[in-house]
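Read the structure below first, then the notes.
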Amino acid sequence: QVQLVESGGGSVQAGGSLKLSCTTSGIIFSRCGMAWHRQAPGKEREFVSSISDDGTIRYTDVVKGRFTISQDKAKNKLHLQMNMLKTEDTAVYYCAAVCAVVGLETYWGQGTQVTVSS
């Protein structure tokens, strides 16, 4: 059974930092591209950052220079270090895994709330 469990969310003032983690089980981490997405109230879910199985990293423009994605393959964990947080970063953050199974399968975590206040 595949499980992705996010942690590390919380409330922080603008300018502060948080580190999100995604603990995975039931997937072969090395065969998956991993990503963070977020969904703000009243908005659609949007891409934040990803790291592919070959290590290629991407960020959406609005978080470049502030967020850093990383992974610990030994522990099957994905992280997102978020610095210089802004009120517009407030959202539920989701971990996603796109894995080569039979074709490509996408798995999602349940999300963790990040609230940034001014």
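Starting from 1 in every chain, residues are counted up; chains themselves are A, B, ... following the order of the structure tokens, and ligands are numbered from 1 as listed.
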
Handout entry: Cys32 in chain A surroundings by only C-alpha atoms, 6 Å radius, close-in-sequence under 5 positions cut, as a PyMOL selection string
Key = chain A and resi 53+97-99

Deliver the residues from the most recent selection as a file, using N, CA and C atoms, as a PDB file, in the first residue's frame.
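Listed below is the output, result03.pdb:
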```pdb
ATOM      1  N   ASP A  53      13.574  11.592 -11.117  1.00  0.00           N
ATOM      2  CA  ASP A  53      14.362  10.436 -10.710  1.00  0.00           C
ATOM      3  C   ASP A  53      15.827  10.573 -11.119  1.00  0.00           C
ATOM      4  N   ALA A  97       4.050  11.780  -5.789  1.00  0.00           N
ATOM      5  CA  ALA A  97       5.037  10.883  -6.376  1.00  0.00           C
ATOM      6  C   ALA A  97       4.493  10.382  -7.704  1.00  0.00           C
ATOM      7  N   VAL A  98       5.294  10.495  -8.738  1.00  0.00           N
ATOM      8  CA  VAL A  98       4.948   9.943 -10.051  1.00  0.00           C
ATOM      9  C   VAL A  98       5.925   8.806 -10.300  1.00  0.00           C
ATOM     10  N   CYS A  99       5.382   7.608 -10.308  1.00  0.00           N
ATOM     11  CA  CYS A  99       6.248   6.424 -10.291  1.00  0.00           C
ATOM     12  C   CYS A  99       6.001   5.549 -11.508  1.00  0.00           C
TER      13      CYS A  99
END
```

Please build the interface table for range 24-58 of chain A against range 73-80 of chain A with a cut-off of 12 Å, listing for each qualifying residue the nearest atom pair and the distance in Å to one decimal; count only C-alpha atoms, order rows by chain and increasing number, and write it as a tab-separated table.
```
residue	atom	partner	partner_atom	distance
A:Thr24	CA	A:Asn76	CA	5.7
A:Ser25	CA	A:Asn76	CA	7.3
A:Gly26	CA	A:Asn76	CA	9.8
A:Ile27	CA	A:Asn76	CA	8.6
A:Ile28	CA	A:Asn76	CA	8.4
A:Phe29	CA	A:Asn76	CA	6.0
A:Ser30	CA	A:Lys73	CA	7.1
A:Arg31	CA	A:Lys73	CA	10.7
A:Cys32	CA	A:Asn76	CA	10.5
A:Gly33	CA	A:Leu78	CA	10.4
A:Met34	CA	A:Leu78	CA	7.4
A:Ala35	CA	A:Leu78	CA	8.3
A:Trp36	CA	A:Leu80	CA	7.8
A:His37	CA	A:Leu80	CA	10.7
A:Arg38	CA	A:Leu80	CA	11.9
A:Val48	CA	A:Leu80	CA	9.7
A:Ser49	CA	A:Leu80	CA	8.5
A:Ser50	CA	A:Leu80	CA	9.8
A:Ile51	CA	A:Leu78	CA	9.2
A:Ser52	CA	A:Leu78	CA	11.6
A:Asp53	CA	A:Lys73	CA	10.4
A:Gly55	CA	A:Lys73	CA	11.2
A:Ile57	CA	A:Leu80	CA	12.0
```

Problem - Top pick for closest residue to Ser118 in chain A, considering A:Gln71, A:Gln81, A:Thr90, A:Ser21 and counting only C-alpha atoms - result: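 For Ser118 in chain A, the nearest of the given residues is A:Thr90.
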
If you run DSSP on this backbone, which residues of chain A come out as helix (DSSP H, G or I), and could you give them as a short mmCIF file (atom, residue, chain, number, x, y, z; two decimals) with C-alpha atoms, in the first residue's frame?
```
data_model
loop_
_atom_site.label_atom_id
_atom_site.label_comp_id
_atom_site.auth_asym_id
_atom_site.auth_seq_id
_atom_site.Cartn_x
_atom_site.Cartn_y
_atom_site.Cartn_z
CA PHE A 29 11.73 5.92 -4.38
CA SER A 30 14.45 5.72 -7.02
CA ARG A 31 11.82 5.08 -9.71
CA ASP A 61 9.00 31.18 -10.43
CA VAL A 62 7.39 32.65 -7.32
CA VAL A 63 9.38 30.41 -4.96
CA THR A 87 1.51 35.61 3.17
CA GLU A 88 0.76 34.42 -0.35
CA ASP A 89 2.53 31.14 0.44
#
```

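Neighbours of Lys86 in chain A closer than or equal to 9 Å, with only C-alpha atoms counted and sequence neighbours fewer than 5 positions away skipped, come out as Gln13, Ala14, Gly15, Gly16, Val116, Ser117 and Ser118 of chain A.
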
Could you turn the residues from that selection into a file that holds N, CA, C and O atoms, as an mmCIF file, in the first residue's frame?
```cif
data_model
loop_
_atom_site.group_PDB
_atom_site.id
_atom_site.type_symbol
_atom_site.label_atom_id
_atom_site.label_comp_id
_atom_site.auth_asym_id
_atom_site.auth_seq_id
_atom_site.Cartn_x
_atom_site.Cartn_y
_atom_site.Cartn_z
ATOM 1 N N GLN A 13 5.184 33.706 10.920
ATOM 2 C CA GLN A 13 5.069 35.088 10.452
ATOM 3 C C GLN A 13 5.830 35.261 9.144
ATOM 4 O O GLN A 13 6.775 34.517 8.838
ATOM 5 N N ALA A 14 5.412 36.245 8.398
ATOM 6 C CA ALA A 14 6.093 36.545 7.141
ATOM 7 C C ALA A 14 7.577 36.769 7.399
ATOM 8 O O ALA A 14 7.970 37.404 8.379
ATOM 9 N N GLY A 15 8.380 36.210 6.503
ATOM 10 C CA GLY A 15 9.822 36.270 6.672
ATOM 11 C C GLY A 15 10.401 35.055 7.361
ATOM 12 O O GLY A 15 11.628 34.867 7.367
ATOM 13 N N GLY A 16 9.539 34.255 7.951
ATOM 14 C CA GLY A 16 9.996 33.077 8.671
ATOM 15 C C GLY A 16 10.242 31.887 7.767
ATOM 16 O O GLY A 16 10.165 31.994 6.535
ATOM 17 N N VAL A 116 0.922 31.651 6.732
ATOM 18 C CA VAL A 116 1.887 32.723 6.918
ATOM 19 C C VAL A 116 1.119 34.015 7.201
ATOM 20 O O VAL A 116 0.296 34.440 6.396
ATOM 21 N N SER A 117 1.394 34.594 8.341
ATOM 22 C CA SER A 117 0.682 35.818 8.734
ATOM 23 C C SER A 117 1.603 37.027 8.619
ATOM 24 O O SER A 117 2.822 36.913 8.725
ATOM 25 N N SER A 118 0.989 38.173 8.444
ATOM 26 C CA SER A 118 1.775 39.407 8.281
ATOM 27 C C SER A 118 2.088 40.037 9.617
ATOM 28 O O SER A 118 1.564 39.652 10.646
#
```

Practice task
List every residue of range 12-95 of chain A that DSSP, applied to the backbone of this structure, places in strand (DSSP E or B), and write the result as a VMD selection string.
Solution key: chain A and resid 12 to 13 18 to 25 32 to 39 46 to 51 57 to 59 67 to 72 77 to 82 91 to 95

Selection from above, C-alpha atoms, as a PDB file, in the first residue's frame, can you write it?
```pdb
ATOM      1  CA  VAL A  12       4.657  31.364  10.916  1.00  0.00           C
ATOM      2  CA  GLN A  13       5.069  35.088  10.452  1.00  0.00           C
ATOM      3  CA  LEU A  18       9.374  26.097   7.712  1.00  0.00           C
ATOM      4  CA  LYS A  19      10.625  22.730   6.552  1.00  0.00           C
ATOM      5  CA  LEU A  20       8.117  20.274   5.162  1.00  0.00           C
ATOM      6  CA  SER A  21       8.794  16.575   4.980  1.00  0.00           C
ATOM      7  CA  CYS A  22       7.080  13.787   3.095  1.00  0.00           C
ATOM      8  CA  THR A  23       7.584  10.275   4.364  1.00  0.00           C
ATOM      9  CA  THR A  24       6.821   7.638   1.778  1.00  0.00           C
ATOM     10  CA  SER A  25       6.195   3.924   1.891  1.00  0.00           C
ATOM     11  CA  CYS A  32       9.694   8.062  -8.806  1.00  0.00           C
ATOM     12  CA  GLY A  33       9.734  11.715  -9.578  1.00  0.00           C
ATOM     13  CA  MET A  34       8.730  13.633  -6.476  1.00  0.00           C
ATOM     14  CA  ALA A  35       7.013  16.972  -6.217  1.00  0.00           C
ATOM     15  CA  TRP A  36       5.360  19.510  -3.982  1.00  0.00           C
ATOM     16  CA  HIS A  37       2.130  21.191  -4.932  1.00  0.00           C
ATOM     17  CA  ARG A  38      -0.044  23.601  -2.996  1.00  0.00           C
ATOM     18  CA  GLN A  39      -3.609  24.766  -2.902  1.00  0.00           C
ATOM     19  CA  GLU A  46      -0.564  24.499  -8.284  1.00  0.00           C
ATOM     20  CA  PHE A  47       2.914  23.140  -8.839  1.00  0.00           C
ATOM     21  CA  VAL A  48       5.612  24.325  -6.435  1.00  0.00           C
ATOM     22  CA  SER A  49       8.714  22.226  -6.993  1.00  0.00           C
ATOM     23  CA  SER A  50       9.850  18.851  -8.245  1.00  0.00           C
ATOM     24  CA  ILE A  51      12.841  16.588  -8.330  1.00  0.00           C
ATOM     25  CA  ILE A  57      15.057  20.091  -9.987  1.00  0.00           C
ATOM     26  CA  ARG A  58      12.401  22.584 -10.971  1.00  0.00           C
ATOM     27  CA  TYR A  59      10.660  25.418  -9.132  1.00  0.00           C
ATOM     28  CA  PHE A  67      12.372  27.286  -1.380  1.00  0.00           C
ATOM     29  CA  THR A  68      14.708  24.319  -1.665  1.00  0.00           C
ATOM     30  CA  ILE A  69      13.586  20.801  -2.501  1.00  0.00           C
ATOM     31  CA  SER A  70      15.666  17.836  -1.432  1.00  0.00           C
ATOM     32  CA  GLN A  71      15.333  14.123  -0.915  1.00  0.00           C
ATOM     33  CA  ASP A  72      16.820  11.477   1.308  1.00  0.00           C
ATOM     34  CA  LYS A  77      11.809  11.122   2.325  1.00  0.00           C
ATOM     35  CA  LEU A  78      11.201  14.305   0.433  1.00  0.00           C
ATOM     36  CA  HIS A  79      11.737  17.741   1.957  1.00  0.00           C
ATOM     37  CA  LEU A  80      10.883  21.315   1.162  1.00  0.00           C
ATOM     38  CA  GLN A  81      12.804  24.019   2.978  1.00  0.00           C
ATOM     39  CA  MET A  82      10.814  27.225   2.798  1.00  0.00           C
ATOM     40  CA  ALA A  91      -1.848  27.007   1.392  1.00  0.00           C
ATOM     41  CA  VAL A  92      -2.196  23.321   1.943  1.00  0.00           C
ATOM     42  CA  TYR A  93       0.984  21.699   0.680  1.00  0.00           C
ATOM     43  CA  TYR A  94       0.819  18.278  -0.934  1.00  0.00           C
ATOM     44  CA  CYS A  95       3.518  15.769  -1.651  1.00  0.00           C
TER      45      CYS A  95
END
```

Problem - Between CA of Glu6 in chain A and CA of Gln110 in chain A, distance in Å (one decimal) - result: 7.1 Å
